[in-house]
Amino acid sequence: MKLSVILAPYDSGHYQSGFGQGPEALVAGGLVDALTLAGHDVTVEDIGQVGDAQEREIATGFAVCRAVGNKVGNAIDHDRFPIVLAGNCLTAAGAVAGEVADSIIWFDQHGDINTPDTSSFGFLDGMALSTVLGLCWRPMAKTIRGFRPVDPSRCLLVDARDLDPDERKLLDTLPVMRADCVNAAEKAGKLNAGGAKRTHLHLDLDVHNPDFLQVNRYAAPGGPSPEQLREAVCSIGRSVPVTGVTVSAYDPAFDPKGEVPPVTGYLLVDLVAALERI
């Protein structure tokens, strides 16, 4: 398969800092080599520095989305499957736009479904899924070329076990589907039944159980092992029309043994193999 690996090395508006060091660390740790050895034609692109010199979180965060959206759209125009390695989850909004995705599967230990009205921390990335679903930051999201919010009924949120109280209340009012990793593939089939044709797959690596793999400073108990996540993702890849992937939230400072890159490489190799079987 022809693949385009797109690096978006930003964390809260800061270039190559914190989570923003994750994309390059994944590549240096062998992720691209693993895909190439599996027989795929892989290109690697970095969006470079975007936004302004002040590195304002909101302005730069959406500048990253715009750059990623353009790269993803160009990859698809050249028949390449896009894999975005991102610092922040908000970047998925750009990937969704570039893919013209009409549905989304969101693996994350957090809900990322706060809004400015519900967030007590003001953390933009905690509003990432809400942005994708058109619940907040609408004027900024409109600056991403081709962005159309995903209907909440075409969203599957997987293993979100660390939710703010207001996130729980909001989710109770929305038709977002919920699943644990073990039944994610079964629930994902309902997207097909609902008419979904182009599904974006978002993988926040902190969905992993930290007893098996810690990817950043935010570690809530529970969650899948790497093998369980890989099995769920591959089952989804064999049954759902996945048009692209974002991988986010790896901070190499919390992975002193360099365990995360090879695990992520194995996951993506198996996922692409599953997609090829469709």
# chains A, B, ... in the order shown; residues from 1 in each chain; ligands from 1
$ select_by_dssp --residues "stretch 6-206 of chain A" --states "helix (DSSP H, G or I)" --output "PyMOL selection string"
chain A and resi 18-28+31-37+57-77+89-99+124-132+138-141+152-154+165-173+181-193+205-206
$ closest_atom_pairs --of "stretch 36-107 of chain A" --to "stretch 214-226 of chain A" --cutoff "12 Å" --atoms "only C-alpha atoms" --output "Markdown table"
| residue | atom | partner | partner_atom | distance |
| --- | --- | --- | --- | --- |
| A:Gly87 | CA | A:Asn216 | CA | 10.9 |
| A:Asn88 | CA | A:Asn216 | CA | 12.0 |
| A:Phe107 | CA | A:Gly223 | CA | 10.3 |
$ write_last_selection --atoms "C-alpha atoms" --output "compact mmCIF listing (two decimals), in the first residue's frame"
# COMPACT_ATOMS: atom_id res chain seq x y z
CA GLY A 87 1.30 15.84 19.41
CA ASN A 88 -2.25 16.98 20.12
CA PHE A 107 -9.73 5.73 21.13
$ closest_atom_pairs --of "stretch 227-272 of chain A" --to "stretch 12-18 of chain A" --cutoff "10 Å" --atoms "only C-alpha atoms" --output "tab-separated table"
residue	atom	partner	partner_atom	distance
A:Ala249	CA	A:Gly18	CA	9.0
A:Tyr250	CA	A:Gly18	CA	8.5
A:Asp251	CA	A:Gly18	CA	5.8
A:Pro252	CA	A:Gly18	CA	8.0
A:Ala253	CA	A:Gly18	CA	7.7
A:Phe254	CA	A:Gly18	CA	10.0
$ atom_distance --atom1 "atom CA of A:Ala93" --atom2 "atom CA of A:Asp125"
11.2 Å
$ residues_around --residues "stretch 150-163 of chain A" --least-positions-apart "5" --cutoff "7 Å" --atoms "only C-alpha atoms" --output "PyMOL selection string"
chain A and resi 102-111+132-134+168+174-181+184+188+191+207+220+223
$ select_by_dssp --residues "stretch 173-233 of chain A" --states "strand (DSSP E or B)" --output "VMD selection string"
chain A and resid 177 to 179 199 to 204
$ write_last_selection --atoms "C-alpha atoms" --output "CSV table (one decimal), in the first residue's frame"
chain,number,residue,atom,x,y,z
A,177,MET,CA,-21.8,5.6,20.9
A,178,ARG,CA,-19.6,4.3,23.7
A,179,ALA,CA,-17.5,1.1,23.9
A,199,THR,CA,-14.3,6.8,8.8
A,200,HIS,CA,-11.4,8.5,10.5
A,201,LEU,CA,-9.6,6.4,13.2
A,202,HIS,CA,-8.1,8.4,16.0
A,203,LEU,CA,-5.7,6.7,18.4
A,204,ASP,CA,-4.6,8.6,21.5
$ closest_residue --among "A:Ser239, A:Thr264, A:Asn192, A:Thr43" --to "A:Glu227" --atoms "only C-alpha atoms"
A:Thr264
$ residues_around --residues "A:His40" --least-positions-apart "6" --cutoff "7 Å" --atoms "only C-alpha atoms" --output "JSON, numbers by chain"
{"A": [1, 2, 3]}
$ atom_distance --atom1 "atom CA of A:Ala28" --atom2 "atom CA of A:Val260"
11.4 Å
$ closest_residue --among "A:Gly29, A:His78, A:Val44, A:Tyr10" --to "A:Thr60" --atoms "only C-alpha atoms"
A:Tyr10
$ residues_around --residues "A:Ala75" --least-positions-apart "3" --cutoff "12 Å" --atoms "only C-alpha atoms" --output "PyMOL selection string"
chain A and resi 2-6+42-45+68-72+78-84+95+98-99+243-244
$ write_last_selection --atoms "C-alpha atoms" --output "PDB file, in the first residue's frame"
ATOM      1  CA  LYS A   2       1.117   3.569  -0.618  1.00  0.00           C
ATOM      2  CA  LEU A   3       1.277   5.425   2.698  1.00  0.00           C
ATOM      3  CA  SER A   4       1.858   9.045   3.628  1.00  0.00           C
ATOM      4  CA  VAL A   5       3.177   9.584   7.156  1.00  0.00           C
ATOM      5  CA  ILE A   6       2.545  13.202   8.143  1.00  0.00           C
ATOM      6  CA  VAL A  42       6.093   5.135   2.563  1.00  0.00           C
ATOM      7  CA  THR A  43       6.675   8.862   2.249  1.00  0.00           C
ATOM      8  CA  VAL A  44       7.276  11.090   5.270  1.00  0.00           C
ATOM      9  CA  GLU A  45       6.334  14.769   5.446  1.00  0.00           C
ATOM     10  CA  VAL A  68      -2.491  18.765   8.274  1.00  0.00           C
ATOM     11  CA  GLY A  69      -5.749  18.993   6.332  1.00  0.00           C
ATOM     12  CA  ASN A  70      -3.853  20.158   3.252  1.00  0.00           C
ATOM     13  CA  LYS A  71      -1.247  17.389   3.579  1.00  0.00           C
ATOM     14  CA  VAL A  72      -3.900  14.708   4.094  1.00  0.00           C
ATOM     15  CA  HIS A  78      -2.169  10.797  -4.877  1.00  0.00           C
ATOM     16  CA  ASP A  79      -3.795   7.538  -3.720  1.00  0.00           C
ATOM     17  CA  ARG A  80      -1.841   7.422  -0.472  1.00  0.00           C
ATOM     18  CA  PHE A  81      -3.348   6.369   2.839  1.00  0.00           C
ATOM     19  CA  PRO A  82      -2.653   9.127   5.405  1.00  0.00           C
ATOM     20  CA  ILE A  83      -1.185   8.383   8.829  1.00  0.00           C
ATOM     21  CA  VAL A  84      -0.837  11.541  10.921  1.00  0.00           C
ATOM     22  CA  ALA A  95      -7.274  14.948   9.166  1.00  0.00           C
ATOM     23  CA  GLY A  98      -8.577  16.302   4.456  1.00  0.00           C
ATOM     24  CA  GLU A  99     -10.282  12.910   4.271  1.00  0.00           C
ATOM     25  CA  THR A 243      -9.835   6.457   5.352  1.00  0.00           C
ATOM     26  CA  GLY A 244      -7.024   7.666   7.605  1.00  0.00           C
TER      27      GLY A 244
END
$ residues_around --residues "A:Pro139" --least-positions-apart "6" --cutoff "12 Å" --atoms "only C-alpha atoms" --output "list in words"
Ile58, Ala59, Phe62, Thr131, Phe147, Arg148 and Pro149 of chain A
$ residues_around --residues "A:Ser235" --least-positions-apart "4" --cutoff "12 Å" --atoms "only C-alpha atoms" --output "list in words"
Cys181, Val182, Asn183, Ala184, Ala185, Glu186, Lys187, Ala188, Gly189, Gln228, Leu229, Arg230, Glu231, Ser239, Val240, Pro241, Val242, Leu267, Asp270, Leu271, Val272, Ala273, Ala274, Leu275, Arg277 and Ile278 of chain A
$ write_last_selection --atoms "C-alpha atoms" --output "compact mmCIF listing (two decimals), in the first residue's frame"
# COMPACT_ATOMS: atom_id res chain seq x y z
CA CYS A 181 -11.87 -1.95 23.70
CA VAL A 182 -13.22 -5.52 23.81
CA ASN A 183 -16.51 -4.62 22.09
CA ALA A 184 -15.29 -1.71 19.96
CA ALA A 185 -15.34 -3.62 16.68
CA GLU A 186 -18.90 -4.79 17.27
CA LYS A 187 -20.06 -1.25 18.05
CA ALA A 188 -18.13 0.11 15.05
CA GLY A 189 -20.29 -1.99 12.78
CA GLN A 228 -5.86 -5.92 23.02
CA LEU A 229 -5.72 -2.53 21.33
CA ARG A 230 -4.07 -4.00 18.23
CA GLU A 231 -6.70 -6.72 18.00
CA SER A 239 -14.99 -4.16 8.81
CA VAL A 240 -15.17 -0.36 8.64
CA PRO A 241 -14.18 1.96 5.73
CA VAL A 242 -11.21 3.61 7.48
CA LEU A 267 -0.03 -1.77 15.54
CA ASP A 270 -1.13 -4.93 11.40
CA LEU A 271 -3.79 -2.28 10.80
CA VAL A 272 -2.61 -1.62 7.25
CA ALA A 273 -2.56 -5.36 6.60
CA ALA A 274 -6.16 -5.52 7.82
CA LEU A 275 -7.15 -2.65 5.55
CA ARG A 277 -7.83 -7.39 3.10
CA ILE A 278 -11.01 -5.37 2.54
$ decode --residues "stretch 237-250 of chain A" --atoms "all heavy atoms" --output "mmCIF file, in the first residue's frame"
data_model
loop_
_atom_site.group_PDB
_atom_site.id
_atom_site.type_symbol
_atom_site.label_atom_id
_atom_site.label_comp_id
_atom_site.auth_asym_id
_atom_site.auth_seq_id
_atom_site.Cartn_x
_atom_site.Cartn_y
_atom_site.Cartn_z
ATOM 1 N N GLY A 237 -10.444 -2.317 11.252
ATOM 2 C CA GLY A 237 -9.908 -2.119 9.914
ATOM 3 C C GLY A 237 -10.464 -3.089 8.890
ATOM 4 O O GLY A 237 -10.551 -2.754 7.700
ATOM 5 N N ARG A 238 -10.830 -4.289 9.337
ATOM 6 C CA ARG A 238 -11.386 -5.287 8.411
ATOM 7 C C ARG A 238 -12.868 -5.093 8.136
ATOM 8 O O ARG A 238 -13.408 -5.708 7.212
ATOM 9 C CB ARG A 238 -11.151 -6.698 8.967
ATOM 10 C CG ARG A 238 -9.698 -7.156 8.894
ATOM 11 C CD ARG A 238 -9.561 -8.629 9.262
ATOM 12 N NE ARG A 238 -9.807 -8.861 10.679
ATOM 13 C CZ ARG A 238 -8.857 -8.875 11.608
ATOM 14 N NH1 ARG A 238 -7.597 -8.657 11.278
ATOM 15 N NH2 ARG A 238 -9.154 -9.106 12.876
ATOM 16 N N SER A 239 -13.535 -4.239 8.934
ATOM 17 C CA SER A 239 -14.994 -4.159 8.811
ATOM 18 C C SER A 239 -15.540 -2.758 8.563
ATOM 19 O O SER A 239 -16.720 -2.619 8.208
ATOM 20 C CB SER A 239 -15.642 -4.724 10.079
ATOM 21 O OG SER A 239 -15.241 -3.983 11.221
ATOM 22 N N VAL A 240 -14.713 -1.743 8.747
ATOM 23 C CA VAL A 240 -15.172 -0.358 8.640
ATOM 24 C C VAL A 240 -14.333 0.363 7.584
ATOM 25 O O VAL A 240 -13.122 0.112 7.481
ATOM 26 C CB VAL A 240 -15.032 0.350 10.017
ATOM 27 C CG1 VAL A 240 -15.382 1.815 9.922
ATOM 28 C CG2 VAL A 240 -15.919 -0.333 11.053
ATOM 29 N N PRO A 241 -14.930 1.254 6.782
ATOM 30 C CA PRO A 241 -14.178 1.959 5.733
ATOM 31 C C PRO A 241 -13.272 3.062 6.296
ATOM 32 O O PRO A 241 -13.582 4.255 6.223
ATOM 33 C CB PRO A 241 -15.281 2.526 4.836
ATOM 34 C CG PRO A 241 -16.449 2.738 5.758
ATOM 35 C CD PRO A 241 -16.379 1.603 6.731
ATOM 36 N N VAL A 242 -12.150 2.658 6.876
ATOM 37 C CA VAL A 242 -11.208 3.613 7.479
ATOM 38 C C VAL A 242 -10.441 4.332 6.374
ATOM 39 O O VAL A 242 -9.817 3.699 5.518
ATOM 40 C CB VAL A 242 -10.235 2.886 8.432
ATOM 41 C CG1 VAL A 242 -9.175 3.854 8.955
ATOM 42 C CG2 VAL A 242 -11.001 2.257 9.588
ATOM 43 N N THR A 243 -10.480 5.664 6.404
ATOM 44 C CA THR A 243 -9.835 6.457 5.352
ATOM 45 C C THR A 243 -8.560 7.147 5.816
ATOM 46 O O THR A 243 -7.863 7.761 4.999
ATOM 47 C CB THR A 243 -10.815 7.522 4.822
ATOM 48 O OG1 THR A 243 -11.368 8.255 5.932
ATOM 49 C CG2 THR A 243 -11.941 6.874 4.040
ATOM 50 N N GLY A 244 -8.245 7.053 7.100
ATOM 51 C CA GLY A 244 -7.024 7.666 7.605
ATOM 52 C C GLY A 244 -6.939 7.493 9.105
ATOM 53 O O GLY A 244 -7.917 7.130 9.773
ATOM 54 N N VAL A 245 -5.735 7.753 9.629
ATOM 55 C CA VAL A 245 -5.463 7.529 11.049
ATOM 56 C C VAL A 245 -4.704 8.723 11.613
ATOM 57 O O VAL A 245 -3.825 9.282 10.950
ATOM 58 C CB VAL A 245 -4.603 6.261 11.248
ATOM 59 C CG1 VAL A 245 -4.293 6.033 12.729
ATOM 60 C CG2 VAL A 245 -5.285 5.039 10.656
ATOM 61 N N THR A 246 -5.048 9.121 12.843
ATOM 62 C CA THR A 246 -4.158 9.981 13.614
ATOM 63 C C THR A 246 -3.682 9.200 14.836
ATOM 64 O O THR A 246 -4.443 8.457 15.453
ATOM 65 C CB THR A 246 -4.819 11.291 14.085
ATOM 66 O OG1 THR A 246 -6.095 11.021 14.665
ATOM 67 C CG2 THR A 246 -4.974 12.273 12.962
ATOM 68 N N VAL A 247 -2.414 9.401 15.166
ATOM 69 C CA VAL A 247 -1.793 8.821 16.357
ATOM 70 C C VAL A 247 -1.262 9.991 17.168
ATOM 71 O O VAL A 247 -0.479 10.805 16.659
ATOM 72 C CB VAL A 247 -0.649 7.862 15.979
ATOM 73 C CG1 VAL A 247 0.045 7.332 17.229
ATOM 74 C CG2 VAL A 247 -1.164 6.718 15.115
ATOM 75 N N SER A 248 -1.671 10.092 18.429
ATOM 76 C CA SER A 248 -1.336 11.306 19.178
ATOM 77 C C SER A 248 -0.872 11.012 20.594
ATOM 78 O O SER A 248 -1.017 9.909 21.113
ATOM 79 C CB SER A 248 -2.564 12.237 19.234
ATOM 80 O OG SER A 248 -3.543 11.690 20.098
ATOM 81 N N ALA A 249 -0.315 12.072 21.199
ATOM 82 C CA ALA A 249 -0.109 12.192 22.650
ATOM 83 C C ALA A 249 1.033 11.364 23.216
ATOM 84 O O ALA A 249 1.031 11.028 24.393
ATOM 85 C CB ALA A 249 -1.403 11.900 23.406
ATOM 86 N N TYR A 250 2.045 11.059 22.393
ATOM 87 C CA TYR A 250 3.225 10.372 22.908
ATOM 88 C C TYR A 250 4.259 11.393 23.352
ATOM 89 O O TYR A 250 4.672 12.254 22.577
ATOM 90 C CB TYR A 250 3.817 9.475 21.821
ATOM 91 C CG TYR A 250 5.153 8.851 22.170
ATOM 92 C CD1 TYR A 250 5.389 8.276 23.413
ATOM 93 C CD2 TYR A 250 6.180 8.817 21.232
ATOM 94 C CE1 TYR A 250 6.610 7.700 23.729
ATOM 95 C CE2 TYR A 250 7.404 8.236 21.520
ATOM 96 C CZ TYR A 250 7.624 7.675 22.767
ATOM 97 O OH TYR A 250 8.835 7.111 23.078
#
